[in-house]
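S.K.: Got a file for you: model12.csv, CSV, N, CA and C atoms.
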```csv
chain,number,residue,atom,x,y,z
A,8,MET,N,101.4,116.9,131.9
A,8,MET,CA,101.3,115.8,132.9
A,8,MET,C,101.4,114.5,132.3
A,9,VAL,N,100.7,114.2,131.2
A,9,VAL,CA,100.6,112.9,130.6
A,9,VAL,C,102.0,112.6,130.0
A,10,PHE,N,102.6,113.6,129.3
A,10,PHE,CA,103.9,113.3,128.7
A,10,PHE,C,104.9,113.0,129.7
A,11,PHE,N,105.0,113.8,130.8
A,11,PHE,CA,105.9,113.7,131.9
A,11,PHE,C,105.7,112.3,132.5
A,12,ALA,N,104.5,111.9,132.8
A,12,ALA,CA,104.2,110.6,133.4
A,12,ALA,C,104.7,109.5,132.6
A,13,SER,N,104.4,109.6,131.3
A,13,SER,CA,104.8,108.5,130.4
A,13,SER,C,106.3,108.3,130.3
A,14,LYS,N,107.1,109.3,130.5
A,14,LYS,CA,108.5,109.2,130.4
A,14,LYS,C,109.2,109.0,131.7
A,15,THR,N,108.6,109.4,132.8
A,15,THR,CA,109.4,109.4,134.1
A,15,THR,C,108.7,108.8,135.3
A,16,MET,N,107.4,108.5,135.2
A,16,MET,CA,106.7,108.1,136.4
A,16,MET,C,106.1,106.7,136.4
A,17,LEU,N,105.9,106.2,135.2
A,17,LEU,CA,105.4,104.8,135.1
A,17,LEU,C,106.5,103.9,135.6
A,18,SER,N,106.1,102.8,136.2
A,18,SER,CA,107.0,101.8,136.8
A,18,SER,C,108.1,101.4,135.7
A,19,ASP,N,107.6,101.2,134.5
A,19,ASP,CA,108.5,100.7,133.4
A,19,ASP,C,109.0,101.8,132.5
A,20,ALA,N,108.9,103.1,132.9
A,20,ALA,CA,109.3,104.2,132.1
A,20,ALA,C,110.8,104.2,131.9
A,21,GLY,N,111.3,104.5,130.7
A,21,GLY,CA,112.7,104.5,130.4
A,21,GLY,C,113.5,105.5,131.2
A,22,GLN,N,112.9,106.5,131.7
A,22,GLN,CA,113.6,107.6,132.4
A,22,GLN,C,113.1,107.7,133.8
A,23,ASN,N,112.7,106.6,134.4
A,23,ASN,CA,112.2,106.6,135.8
A,23,ASN,C,113.4,106.7,136.7
A,24,GLU,N,114.0,107.8,136.8
A,24,GLU,CA,115.3,108.0,137.5
A,24,GLU,C,115.1,107.7,139.0
A,25,ALA,N,113.9,108.0,139.6
A,25,ALA,CA,113.7,107.8,141.0
A,25,ALA,C,113.4,106.3,141.3
A,26,GLY,N,113.1,105.5,140.3
A,26,GLY,CA,112.8,104.1,140.5
A,26,GLY,C,111.5,103.9,141.3
A,27,TRP,N,110.6,105.0,141.2
A,27,TRP,CA,109.3,104.9,141.8
A,27,TRP,C,108.4,103.9,141.1
A,28,LYS,N,107.8,103.1,141.8
A,28,LYS,CA,106.9,102.1,141.2
A,28,LYS,C,105.6,102.1,142.0
A,29,ASN,N,104.5,102.3,141.3
A,29,ASN,CA,103.2,102.4,141.9
A,29,ASN,C,102.1,101.7,141.0
A,30,PRO,N,101.7,100.5,141.3
A,30,PRO,CA,100.8,99.8,140.4
A,30,PRO,C,99.5,100.6,140.2
A,31,ALA,N,99.0,101.3,141.2
A,31,ALA,CA,97.7,102.1,141.1
A,31,ALA,C,97.9,103.2,140.1
A,32,PHE,N,99.1,103.9,140.2
A,32,PHE,CA,99.4,105.0,139.3
A,32,PHE,C,99.5,104.4,137.8
A,33,ASP,N,100.2,103.3,137.7
A,33,ASP,CA,100.3,102.7,136.3
A,33,ASP,C,98.9,102.4,135.7
A,34,GLU,N,98.1,101.8,136.6
A,34,GLU,CA,96.8,101.4,136.1
A,34,GLU,C,95.9,102.6,135.7
A,35,ALA,N,95.9,103.6,136.6
A,35,ALA,CA,95.2,104.8,136.3
A,35,ALA,C,95.6,105.5,135.1
A,36,TYR,N,97.0,105.5,134.9
A,36,TYR,CA,97.5,106.1,133.6
A,36,TYR,C,97.0,105.4,132.4
A,37,ARG,N,97.1,104.0,132.4
A,37,ARG,CA,96.7,103.2,131.3
A,37,ARG,C,95.2,103.4,131.0
A,38,THR,N,94.5,103.4,132.1
A,38,THR,CA,93.0,103.6,131.9
A,38,THR,C,92.7,104.9,131.3
A,39,ALA,N,93.4,106.0,131.8
A,39,ALA,CA,93.1,107.3,131.3
A,39,ALA,C,93.5,107.4,129.8
A,40,MET,N,94.6,106.8,129.4
A,40,MET,CA,95.0,106.9,128.0
A,40,MET,C,94.0,106.1,127.1
A,41,ALA,N,93.3,105.2,127.6
A,41,ALA,CA,92.3,104.4,126.9
A,41,ALA,C,90.9,105.0,126.9
A,42,THR,N,90.7,106.0,127.7
A,42,THR,CA,89.4,106.6,127.9
A,42,THR,C,89.1,107.7,126.9
A,43,LYS,N,88.1,107.6,126.1
A,43,LYS,CA,87.8,108.6,125.1
A,43,LYS,C,87.0,109.8,125.6
A,44,ASP,N,86.1,109.5,126.6
A,44,ASP,CA,85.3,110.6,127.1
A,44,ASP,C,86.1,111.6,127.9
A,45,ALA,N,86.1,112.8,127.5
A,45,ALA,CA,86.9,113.9,128.1
A,45,ALA,C,86.7,114.1,129.6
A,46,THR,N,85.5,114.0,130.0
A,46,THR,CA,85.2,114.2,131.4
A,46,THR,C,85.7,113.1,132.3
A,47,ALA,N,85.5,111.9,131.8
A,47,ALA,CA,86.0,110.7,132.5
A,47,ALA,C,87.5,110.7,132.5
A,48,ARG,N,88.1,111.0,131.4
A,48,ARG,CA,89.6,111.1,131.3
A,48,ARG,C,90.1,112.1,132.2
A,49,GLY,N,89.5,113.3,132.3
A,49,GLY,CA,89.9,114.4,133.2
A,49,GLY,C,89.9,113.9,134.7
A,50,ALA,N,88.9,113.1,135.0
A,50,ALA,CA,88.8,112.6,136.4
A,50,ALA,C,90.0,111.6,136.7
A,51,LEU,N,90.3,110.8,135.7
A,51,LEU,CA,91.4,109.9,135.9
A,51,LEU,C,92.7,110.6,135.9
A,52,LEU,N,92.9,111.6,135.2
A,52,LEU,CA,94.1,112.4,135.2
A,52,LEU,C,94.3,113.1,136.6
A,53,HIS,N,93.1,113.5,137.1
A,53,HIS,CA,93.1,114.1,138.4
A,53,HIS,C,93.6,113.1,139.5
A,54,THR,N,93.1,111.9,139.3
A,54,THR,CA,93.6,110.8,140.2
A,54,THR,C,95.1,110.6,140.1
A,55,LEU,N,95.6,110.6,138.9
A,55,LEU,CA,97.1,110.5,138.7
A,55,LEU,C,97.8,111.6,139.5
A,56,GLN,N,97.3,112.8,139.4
A,56,GLN,CA,97.9,113.9,140.1
A,56,GLN,C,97.9,113.8,141.6
A,57,GLU,N,96.8,113.2,142.1
A,57,GLU,CA,96.6,113.0,143.5
A,57,GLU,C,97.6,111.9,144.0
A,58,ILE,N,97.7,110.9,143.3
A,58,ILE,CA,98.7,109.8,143.6
A,58,ILE,C,100.1,110.3,143.6
A,59,GLU,N,100.4,111.1,142.6
A,59,GLU,CA,101.8,111.7,142.4
A,59,GLU,C,102.1,112.6,143.6
A,60,TYR,N,101.1,113.4,144.0
A,60,TYR,CA,101.3,114.4,145.1
A,60,TYR,C,101.5,113.7,146.4
A,61,ALA,N,100.6,112.7,146.7
A,61,ALA,CA,100.6,112.0,148.0
A,61,ALA,C,101.8,111.0,148.2
A,62,GLU,N,102.2,110.4,147.1
A,62,GLU,CA,103.1,109.2,147.2
A,62,GLU,C,104.4,109.3,146.5
A,63,SER,N,104.6,110.1,145.5
A,63,SER,CA,105.8,109.9,144.6
A,63,SER,C,107.0,110.6,145.1
A,64,GLY,N,106.9,111.7,145.8
A,64,GLY,CA,108.1,112.4,146.2
A,64,GLY,C,108.7,113.3,145.1
A,65,CYS,N,108.0,113.3,144.0
A,65,CYS,CA,108.5,114.1,142.9
A,65,CYS,C,108.1,115.6,143.0
A,66,LEU,N,108.9,116.4,142.6
A,66,LEU,CA,108.6,117.9,142.6
A,66,LEU,C,108.7,118.3,141.1
A,67,LEU,N,107.6,118.7,140.5
A,67,LEU,CA,107.6,119.2,139.2
A,67,LEU,C,107.5,120.7,139.2
A,68,TRP,N,108.5,121.4,139.0
A,68,TRP,CA,108.6,122.8,139.1
A,68,TRP,C,107.9,123.5,138.0
A,69,GLY,N,107.8,122.9,136.8
A,69,GLY,CA,107.1,123.5,135.7
A,69,GLY,C,107.1,122.5,134.5
A,70,MET,N,106.2,122.8,133.6
A,70,MET,CA,106.1,121.9,132.4
A,70,MET,C,105.7,122.8,131.3
A,71,ALA,N,106.4,122.6,130.2
A,71,ALA,CA,106.0,123.4,128.9
A,71,ALA,C,106.5,122.6,127.7
A,72,ASP,N,105.9,122.8,126.6
A,72,ASP,CA,106.4,122.2,125.4
A,72,ASP,C,107.8,122.7,125.0
A,73,GLY,N,108.1,123.9,125.5
A,73,GLY,CA,109.4,124.5,125.3
A,73,GLY,C,109.5,125.7,126.1
A,74,ILE,N,110.6,126.2,126.4
A,74,ILE,CA,110.8,127.4,127.2
A,74,ILE,C,111.2,128.5,126.2
A,75,ASP,N,110.5,129.6,126.3
A,75,ASP,CA,110.7,130.7,125.4
A,75,ASP,C,111.6,131.8,126.1
A,76,LEU,N,112.9,131.7,125.9
A,76,LEU,CA,113.8,132.6,126.6
A,76,LEU,C,114.7,133.3,125.6
A,77,ALA,N,114.6,133.0,124.3
A,77,ALA,CA,115.5,133.6,123.4
A,77,ALA,C,115.3,135.1,123.2
A,78,GLY,N,116.3,135.8,123.2
A,78,GLY,CA,116.3,137.2,123.0
A,78,GLY,C,117.7,137.8,122.9
A,79,LYS,N,117.9,139.0,122.5
A,79,LYS,CA,119.2,139.6,122.3
A,79,LYS,C,120.1,139.6,123.6
A,80,ALA,N,119.4,139.7,124.7
A,80,ALA,CA,120.2,139.8,126.0
A,80,ALA,C,120.4,138.4,126.7
A,81,VAL,N,119.8,137.4,126.2
A,81,VAL,CA,119.9,136.1,126.8
A,81,VAL,C,121.1,135.4,126.3
A,82,ARG,N,121.9,134.9,127.3
A,82,ARG,CA,123.2,134.2,127.0
A,82,ARG,C,123.2,132.8,127.6
A,83,GLY,N,123.9,131.9,127.0
A,83,GLY,CA,124.2,130.6,127.6
A,83,GLY,C,123.0,129.6,127.6
A,84,LEU,N,122.1,129.8,126.6
A,84,LEU,CA,121.0,128.8,126.5
A,84,LEU,C,121.6,127.5,126.1
A,85,PRO,N,121.1,126.4,126.7
A,85,PRO,CA,121.6,125.1,126.4
A,85,PRO,C,121.2,124.6,125.0
A,86,LYS,N,122.0,123.8,124.4
A,86,LYS,CA,121.8,123.3,123.1
A,86,LYS,C,121.6,121.8,123.1
A,87,LEU,N,121.2,121.3,124.2
A,87,LEU,CA,121.0,119.9,124.5
A,87,LEU,C,119.6,119.4,124.0
A,88,PRO,N,119.5,118.1,123.6
A,88,PRO,CA,118.2,117.6,123.2
A,88,PRO,C,117.3,117.3,124.4
A,89,GLY,N,116.0,117.2,124.1
A,89,GLY,CA,115.1,116.7,125.1
A,89,GLY,C,115.0,117.6,126.4
A,90,TYR,N,115.1,116.9,127.5
A,90,TYR,CA,115.0,117.6,128.8
A,90,TYR,C,116.2,118.5,129.0
A,91,GLY,N,117.3,118.3,128.3
A,91,GLY,CA,118.4,119.1,128.4
A,91,GLY,C,118.2,120.6,128.1
A,92,ARG,N,117.1,120.9,127.3
A,92,ARG,CA,116.8,122.3,127.0
A,92,ARG,C,116.4,123.1,128.2
A,93,VAL,N,116.1,122.4,129.3
A,93,VAL,CA,115.6,123.2,130.5
A,93,VAL,C,116.7,123.2,131.6
A,94,GLN,N,117.9,122.8,131.2
A,94,GLN,CA,119.1,123.0,132.1
A,94,GLN,C,119.6,124.4,132.0
A,95,LEU,N,119.0,125.3,132.8
A,95,LEU,CA,119.3,126.7,132.7
A,95,LEU,C,120.3,127.3,133.7
A,96,GLU,N,121.0,126.4,134.3
A,96,GLU,CA,122.0,126.9,135.3
A,96,GLU,C,123.0,127.9,134.8
A,97,LYS,N,123.4,127.8,133.5
A,97,LYS,CA,124.4,128.6,133.0
A,97,LYS,C,123.8,129.7,132.1
A,98,THR,N,122.5,129.9,132.1
A,98,THR,CA,121.8,130.9,131.3
A,98,THR,C,121.8,132.2,132.1
A,99,TRP,N,122.1,133.3,131.4
A,99,TRP,CA,122.1,134.6,132.1
A,99,TRP,C,121.6,135.7,131.2
A,100,LEU,N,121.4,136.8,131.7
A,100,LEU,CA,120.8,137.9,131.0
A,100,LEU,C,121.9,139.0,131.0
A,101,ALA,N,122.3,139.4,129.8
A,101,ALA,CA,123.3,140.5,129.6
A,101,ALA,C,122.6,141.8,129.6
A,102,ARG,N,122.9,142.6,130.6
A,102,ARG,CA,122.3,144.0,130.6
A,102,ARG,C,123.3,145.0,131.1
```
Could you rewrite the structure in this file as C-alpha cells?

M.R.:
Amino acid sequence: MVFFASKTMLSDAGQNEAGWKNPAFDEAYRTAMATKDATARGALLHTLQEIEYAESGCLLWGMADGIDLAGKAVRGLPKLPGYGRVQLEKTWLAR
C-alpha cells in the first residue's frame, strides 16, 4: 500500500495517471511515513485505505513485490521493467 501510494496516489506522484488529488490523503501519507510508533502508523495507514476506498476511484486488484509465475509450462511472461512485469495479457500456460 505504501509503495503504491507513493508512486501513484499522492497529488504530486510521478505516475499519478488518474490525476487524483486529495490533500487529506497526502497529509495522512506524510504523517504516517514520519510516525515511528507501529500502532499509530498502522492507524494512519488504515485512514489512507479508507480515503482511497471512499474517494479515489482506484481499483487495486493485487499487490506483490513480484509475481511468481515462472515454470516450464508458462509462456509469454513480460520482460518489461517496473509495473510492466504485471502486464500478463499475453502470458499463457502450455499444457

S.K.: Show me, as a ChimeraX atom specification, the residues that have an atom within 8 Å of range 32-42 of chain A when counting all atoms listed in the file, minus same-chain residues fewer than 3 positions from it.

M.R.: /A:16-19,28-29,45-52,54-55,58-59

S.K.: Take the residues just selected and output them with N, CA and C atoms as a compact mmCIF listing (two decimals), in the coordinates of the input.

M.R.:
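This went into again-v1.txt:
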```
# COMPACT_ATOMS: atom_id res chain seq x y z
N MET A 16 107.40 108.50 135.20
CA MET A 16 106.70 108.10 136.40
C MET A 16 106.10 106.70 136.40
N LEU A 17 105.90 106.20 135.20
CA LEU A 17 105.40 104.80 135.10
C LEU A 17 106.50 103.90 135.60
N SER A 18 106.10 102.80 136.20
CA SER A 18 107.00 101.80 136.80
C SER A 18 108.10 101.40 135.70
N ASP A 19 107.60 101.20 134.50
CA ASP A 19 108.50 100.70 133.40
C ASP A 19 109.00 101.80 132.50
N LYS A 28 107.80 103.10 141.80
CA LYS A 28 106.90 102.10 141.20
C LYS A 28 105.60 102.10 142.00
N ASN A 29 104.50 102.30 141.30
CA ASN A 29 103.20 102.40 141.90
C ASN A 29 102.10 101.70 141.00
N ALA A 45 86.10 112.80 127.50
CA ALA A 45 86.90 113.90 128.10
C ALA A 45 86.70 114.10 129.60
N THR A 46 85.50 114.00 130.00
CA THR A 46 85.20 114.20 131.40
C THR A 46 85.70 113.10 132.30
N ALA A 47 85.50 111.90 131.80
CA ALA A 47 86.00 110.70 132.50
C ALA A 47 87.50 110.70 132.50
N ARG A 48 88.10 111.00 131.40
CA ARG A 48 89.60 111.10 131.30
C ARG A 48 90.10 112.10 132.20
N GLY A 49 89.50 113.30 132.30
CA GLY A 49 89.90 114.40 133.20
C GLY A 49 89.90 113.90 134.70
N ALA A 50 88.90 113.10 135.00
CA ALA A 50 88.80 112.60 136.40
C ALA A 50 90.00 111.60 136.70
N LEU A 51 90.30 110.80 135.70
CA LEU A 51 91.40 109.90 135.90
C LEU A 51 92.70 110.60 135.90
N LEU A 52 92.90 111.60 135.20
CA LEU A 52 94.10 112.40 135.20
C LEU A 52 94.30 113.10 136.60
N THR A 54 93.10 111.90 139.30
CA THR A 54 93.60 110.80 140.20
C THR A 54 95.10 110.60 140.10
N LEU A 55 95.60 110.60 138.90
CA LEU A 55 97.10 110.50 138.70
C LEU A 55 97.80 111.60 139.50
N ILE A 58 97.70 110.90 143.30
CA ILE A 58 98.70 109.80 143.60
C ILE A 58 100.10 110.30 143.60
N GLU A 59 100.40 111.10 142.60
CA GLU A 59 101.80 111.70 142.40
C GLU A 59 102.10 112.60 143.60
```

S.K.: Please return, as a PyMOL selection string, all residues of chain A that DSSP assigns to alpha helix (DSSP H) on the basis of the backbone.

M.R.: chain A and resi 9-15+30-41+45-58

S.K.: For those residues, write N, CA and C atoms to a file as a tab-separated table (two decimals), in the coordinates of the input.

M.R.:
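Produced file selection-v8.tsv, reproduced below:
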```tsv
chain	number	residue	atom	x	y	z
A	9	VAL	N	100.70	114.20	131.20
A	9	VAL	CA	100.60	112.90	130.60
A	9	VAL	C	102.00	112.60	130.00
A	10	PHE	N	102.60	113.60	129.30
A	10	PHE	CA	103.90	113.30	128.70
A	10	PHE	C	104.90	113.00	129.70
A	11	PHE	N	105.00	113.80	130.80
A	11	PHE	CA	105.90	113.70	131.90
A	11	PHE	C	105.70	112.30	132.50
A	12	ALA	N	104.50	111.90	132.80
A	12	ALA	CA	104.20	110.60	133.40
A	12	ALA	C	104.70	109.50	132.60
A	13	SER	N	104.40	109.60	131.30
A	13	SER	CA	104.80	108.50	130.40
A	13	SER	C	106.30	108.30	130.30
A	14	LYS	N	107.10	109.30	130.50
A	14	LYS	CA	108.50	109.20	130.40
A	14	LYS	C	109.20	109.00	131.70
A	15	THR	N	108.60	109.40	132.80
A	15	THR	CA	109.40	109.40	134.10
A	15	THR	C	108.70	108.80	135.30
A	30	PRO	N	101.70	100.50	141.30
A	30	PRO	CA	100.80	99.80	140.40
A	30	PRO	C	99.50	100.60	140.20
A	31	ALA	N	99.00	101.30	141.20
A	31	ALA	CA	97.70	102.10	141.10
A	31	ALA	C	97.90	103.20	140.10
A	32	PHE	N	99.10	103.90	140.20
A	32	PHE	CA	99.40	105.00	139.30
A	32	PHE	C	99.50	104.40	137.80
A	33	ASP	N	100.20	103.30	137.70
A	33	ASP	CA	100.30	102.70	136.30
A	33	ASP	C	98.90	102.40	135.70
A	34	GLU	N	98.10	101.80	136.60
A	34	GLU	CA	96.80	101.40	136.10
A	34	GLU	C	95.90	102.60	135.70
A	35	ALA	N	95.90	103.60	136.60
A	35	ALA	CA	95.20	104.80	136.30
A	35	ALA	C	95.60	105.50	135.10
A	36	TYR	N	97.00	105.50	134.90
A	36	TYR	CA	97.50	106.10	133.60
A	36	TYR	C	97.00	105.40	132.40
A	37	ARG	N	97.10	104.00	132.40
A	37	ARG	CA	96.70	103.20	131.30
A	37	ARG	C	95.20	103.40	131.00
A	38	THR	N	94.50	103.40	132.10
A	38	THR	CA	93.00	103.60	131.90
A	38	THR	C	92.70	104.90	131.30
A	39	ALA	N	93.40	106.00	131.80
A	39	ALA	CA	93.10	107.30	131.30
A	39	ALA	C	93.50	107.40	129.80
A	40	MET	N	94.60	106.80	129.40
A	40	MET	CA	95.00	106.90	128.00
A	40	MET	C	94.00	106.10	127.10
A	41	ALA	N	93.30	105.20	127.60
A	41	ALA	CA	92.30	104.40	126.90
A	41	ALA	C	90.90	105.00	126.90
A	45	ALA	N	86.10	112.80	127.50
A	45	ALA	CA	86.90	113.90	128.10
A	45	ALA	C	86.70	114.10	129.60
A	46	THR	N	85.50	114.00	130.00
A	46	THR	CA	85.20	114.20	131.40
A	46	THR	C	85.70	113.10	132.30
A	47	ALA	N	85.50	111.90	131.80
A	47	ALA	CA	86.00	110.70	132.50
A	47	ALA	C	87.50	110.70	132.50
A	48	ARG	N	88.10	111.00	131.40
A	48	ARG	CA	89.60	111.10	131.30
A	48	ARG	C	90.10	112.10	132.20
A	49	GLY	N	89.50	113.30	132.30
A	49	GLY	CA	89.90	114.40	133.20
A	49	GLY	C	89.90	113.90	134.70
A	50	ALA	N	88.90	113.10	135.00
A	50	ALA	CA	88.80	112.60	136.40
A	50	ALA	C	90.00	111.60	136.70
A	51	LEU	N	90.30	110.80	135.70
A	51	LEU	CA	91.40	109.90	135.90
A	51	LEU	C	92.70	110.60	135.90
A	52	LEU	N	92.90	111.60	135.20
A	52	LEU	CA	94.10	112.40	135.20
A	52	LEU	C	94.30	113.10	136.60
A	53	HIS	N	93.10	113.50	137.10
A	53	HIS	CA	93.10	114.10	138.40
A	53	HIS	C	93.60	113.10	139.50
A	54	THR	N	93.10	111.90	139.30
A	54	THR	CA	93.60	110.80	140.20
A	54	THR	C	95.10	110.60	140.10
A	55	LEU	N	95.60	110.60	138.90
A	55	LEU	CA	97.10	110.50	138.70
A	55	LEU	C	97.80	111.60	139.50
A	56	GLN	N	97.30	112.80	139.40
A	56	GLN	CA	97.90	113.90	140.10
A	56	GLN	C	97.90	113.80	141.60
A	57	GLU	N	96.80	113.20	142.10
A	57	GLU	CA	96.60	113.00	143.50
A	57	GLU	C	97.60	111.90	144.00
A	58	ILE	N	97.70	110.90	143.30
A	58	ILE	CA	98.70	109.80	143.60
A	58	ILE	C	100.10	110.30	143.60
```

S.K.: State, in Å with one decimal place, the distance from CA of Lys79 in chain A to CA of Ala101 in chain A.

M.R.: 8.4 Å

S.K.: Go ahead and compute the interatomic distance for atom C of Ala20 in chain A and atom N of Leu87 in chain A, in Å to one decimal.

M.R.: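 Atom C of Ala20 in chain A sits 21.4 Å away from atom N of Leu87 in chain A.
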
S.K.: Have a look at atom N of Leu95 in chain A and atom N of Glu62 in chain A and let me know their distance in Å, one decimal.

M.R.: 26.6 Å
